[in-house]
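Worksheet: one structure, shown below.
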Amino acid sequence: MQPNKLLPGSTIGILGGGQLGRMMAIAAKYMGYRVTVLDPTEDCPTAQVSDHQILAKYDDLEAIKQLAEASDVITYEFENVDLEAAKYLEERNILPQGARLLKITQDREQEKQAVVDSGLEVPPYRIVSNVQEVEAVLNEIKVPCVIKTCRGGYDGKGQLKITEETSLEKVQQFVEQKGRCIIENWVPFNKEISVVFTRAITGEMTIFPIAENEHKDHILHTTSAPALISTVVERKAIESAEKLANHINVVGTFAIEMFVKGEDVYINEMAPRPHNSGHYTIEACNVSQFEQHIRAITGLPLVPISFHGGAIMLNLLGEELEKLMNQTAEIPAGHLHVYGKDSIKPKRKMGHLTMVGASLDEVKQRSKEIIENFYK
Ligand code: AMP
């Protein structure tokens with residue numbers, strides 16, 4: 001399909017006004033687009049860099065219609081967009097990413113099924129819809145395993161690791177509280193990586209260098225690129241991303257988190273939008289995940305990607321941002337991004353810091369002191 005090309009001067013509507021929307025809007029503004037954001041918080045991070053804000057809840061259909069009227073194309077910065085609203089926008093030919101990607105990524109059961117249907121291997125898993133099913137499923141899926149809510153969990157919220165020591169009652173209680181869940185084998189992985197890529201409406205696809213992620217308390221802490229993986233693992237990760245992307249017809253920037261175990265890769269999670277683990281692309285690549293996303297949804301050709309050679313991105317949560325801001329005048333702290341959130345809270349993603357160089361070794365050497373200072 002040949003897309004209509006929306007040239008700079010057109011208006012991009014963004015559903016959601018957090019940091020991802022903000023970085024999309026900044027990329028769009030650089031290129032000369034106008035931006036309207038829909039978000040219930042006045043002066044939210046995205047509104048601060050946009051032309052216009054519609055102040056309303058995400059599922060307010062009247063406000064969504066208003067956004068559709070004000071925009072030439074619409075995108076979103078999170079996957080929990082109201083499906084009715086997404087279908088409404090898709091029918092009006094204004095949501096090139098479509099509603100299906102949201103439907104899949106809003107639900108871990110659908111997500112797993114999409115991976116399987118793409119012809120990819122997944123560790124054994126079962127769905128439990130009620131307390132009665134838990135015992136039978138735990139006889140099939142061996143411990144250690146993990147139970148996760150099918151909907152609404154993020155940053156490790158809504159999951160419980162099940163070991164020999166975990167009682168049946170505890171797992172049953174989890175299901176009673178959370179509803180439909182997935183129980184899956186625990187993967188003793190060596191690394192967590194992410195493949196962030198952009199796919200155009202035409203099916204053309206560009207893939208950013210694969211990055212390696214470290215989490216702390218289930219929240220992304222550090223991303224480094226390139227991931228230190230074998231060429232076999234790299235090839236498998238890219239092939240998996242391509243298969244999945246083509247199968248579910250991705251449009252825009254998309255992220256897949258994978259576990260690497262030996263020479264095998266397993267898809268864990270996916271996000272139908274730019275991702276925290278792709279922030280390093282802003283300074284470390286000739287085109288960022290955000291700019292490439294804007295190009296995809298406006299029908300512009302994607303830019304072939306080149307990479308400086310090495311990057312480390314550190315997330316700044318509430319407590320870390322305060323520490324850094326106190327000393328930032330004295331240290332050469334890399335590229336600082338502060339998202340403009342209204343209040344600093346512990347564990348809240350407030351900003352990030354990216355260090356870039358010709359190789360990952362060089363960046364590691366240079367950022368050693370910063371990392372030791374701020375991330376003990
Ligand atoms: P998720 O919300 O699915 O991204 O899970 C959060 C984190 O929990 C992941 O980044 C992993 O570190 C860990 N985790 C989740 N599922 C598994 C699994 N099946 N095997 C091992 N670790 C897991």
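Quick note on naming: the chains in the structure tokens go A, B, ... in the order shown, residues restart at 1 in each chain, and ligands are numbered from 1 in order of appearance.
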
Discussion item. Neighbouring residues of ligand 1 are defined here as those with any atom at most 10 Å from a ligand atom, counting only C-alpha atoms and all ligand atoms; list them as a PyMOL selection string.
Written reply: chain A and resi 108+122-125+144-149+152-161+183-193+213-220+257-259+266-270

Practice prompt. Pull the strand (DSSP E or B) assignments for segment 127-245 of chain A out of DSSP run on the backbone, and list those residues as a VMD selection string.
Written response: chain A and resid 127 to 128 145 to 149 151 159 to 162 181 to 185 191 to 199 205 to 207 211 to 216 219 to 225

Item to complete: Write out as a ChimeraX atom specification each polymer residue whose atoms come within 10 Å of Ser306 of chain A, counting only C-alpha atoms; drop sequence neighbours fewer than 5 positions from it.
Response: /A:208-209,281,284-287

Discussion item. Env of His335 of chain A: 7 Å cut, atoms = only C-alpha atoms, seq-sep filter 5 positions within chain, self excluded. Answer as a VMD selection string.
Written reply: chain A and resid 353 to 355

Could those selected residues go to a file with all heavy atoms, as a PDB file, in the first residue's frame?
```pdb
ATOM      1  N   LEU A 353      19.795   9.916  31.100  1.00  0.00           N
ATOM      2  CA  LEU A 353      21.102  10.470  30.783  1.00  0.00           C
ATOM      3  C   LEU A 353      21.750   9.516  29.789  1.00  0.00           C
ATOM      4  O   LEU A 353      21.778   8.308  30.012  1.00  0.00           O
ATOM      5  CB  LEU A 353      21.897  10.486  32.094  1.00  0.00           C
ATOM      6  CG  LEU A 353      23.229  11.185  32.151  1.00  0.00           C
ATOM      7  CD1 LEU A 353      23.036  12.686  31.962  1.00  0.00           C
ATOM      8  CD2 LEU A 353      23.870  10.927  33.512  1.00  0.00           C
ATOM      9  N   THR A 354      22.254  10.053  28.682  1.00  0.00           N
ATOM     10  CA  THR A 354      22.862   9.170  27.683  1.00  0.00           C
ATOM     11  C   THR A 354      24.313   9.572  27.443  1.00  0.00           C
ATOM     12  O   THR A 354      24.608  10.760  27.263  1.00  0.00           O
ATOM     13  CB  THR A 354      22.088   9.251  26.347  1.00  0.00           C
ATOM     14  OG1 THR A 354      20.713   8.985  26.598  1.00  0.00           O
ATOM     15  CG2 THR A 354      22.615   8.228  25.339  1.00  0.00           C
ATOM     16  N   MET A 355      25.188   8.597  27.456  1.00  0.00           N
ATOM     17  CA  MET A 355      26.592   8.817  27.107  1.00  0.00           C
ATOM     18  C   MET A 355      26.861   8.085  25.798  1.00  0.00           C
ATOM     19  O   MET A 355      26.465   6.931  25.632  1.00  0.00           O
ATOM     20  CB  MET A 355      27.513   8.239  28.189  1.00  0.00           C
ATOM     21  CG  MET A 355      27.838   9.205  29.303  1.00  0.00           C
ATOM     22  SD  MET A 355      26.639   9.342  30.645  1.00  0.00           S
ATOM     23  CE  MET A 355      26.397   7.705  31.179  1.00  0.00           C
TER      24      MET A 355
END
```

Practice prompt. Figure out the distance between atom CA of Ala271 of chain A and atom CA of Ala255 of chain A, please, to one decimal in Å.
Written response: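 Here the two named atoms are 5.2 Å from each other.
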
Worksheet item: Using only C-alpha atoms, which of the listed residues (A:Val338, A:Val196, A:Val356, A:Ile370) sits closest to Pro45 of chain A?
Response: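 Closest residue, counting only C-alpha atoms: A:Val338.
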
Worksheet, complete the sentence: As a check of understanding: the span from atom CA of Val250 of chain A to atom CA of Leu7 of chain A is 21.6 Å

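For the choices A:Glu263, A:Glu133, A:Glu362, A:Asp72, the atom-to-atom distance to Glu234 of chain A is smallest for A:Glu263 when using only C-alpha atoms.
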
Spatial neighbours of segment 166-170 of chain A, 9 Å, only C-alpha atoms, chain gap at least 5 places, as a PDB file with N, CA, C and O atoms, in the first residue's frame:
```
ATOM      1  N   VAL A 134      -5.985 -23.292  39.002  1.00  0.00           N
ATOM      2  CA  VAL A 134      -4.569 -23.087  39.366  1.00  0.00           C
ATOM      3  C   VAL A 134      -3.845 -24.408  39.626  1.00  0.00           C
ATOM      4  O   VAL A 134      -2.749 -24.651  39.095  1.00  0.00           O
ATOM      5  N   GLU A 135      -4.476 -25.299  40.397  1.00  0.00           N
ATOM      6  CA  GLU A 135      -3.778 -26.530  40.802  1.00  0.00           C
ATOM      7  C   GLU A 135      -3.408 -27.383  39.583  1.00  0.00           C
ATOM      8  O   GLU A 135      -2.270 -27.841  39.450  1.00  0.00           O
ATOM      9  N   LEU A 138      -0.573 -25.846  37.646  1.00  0.00           N
ATOM     10  CA  LEU A 138       0.725 -25.971  38.314  1.00  0.00           C
ATOM     11  C   LEU A 138       1.272 -27.400  38.256  1.00  0.00           C
ATOM     12  O   LEU A 138       2.457 -27.628  38.471  1.00  0.00           O
ATOM     13  N   LYS A 161       6.761 -14.634  41.347  1.00  0.00           N
ATOM     14  CA  LYS A 161       7.572 -15.802  40.974  1.00  0.00           C
ATOM     15  C   LYS A 161       7.128 -16.987  41.834  1.00  0.00           C
ATOM     16  O   LYS A 161       6.903 -16.836  43.038  1.00  0.00           O
ATOM     17  N   VAL A 175      -4.650 -15.076  41.912  1.00  0.00           N
ATOM     18  CA  VAL A 175      -5.634 -15.142  40.815  1.00  0.00           C
ATOM     19  C   VAL A 175      -6.970 -14.539  41.268  1.00  0.00           C
ATOM     20  O   VAL A 175      -7.641 -13.843  40.495  1.00  0.00           O
TER      21      VAL A 175
END
```
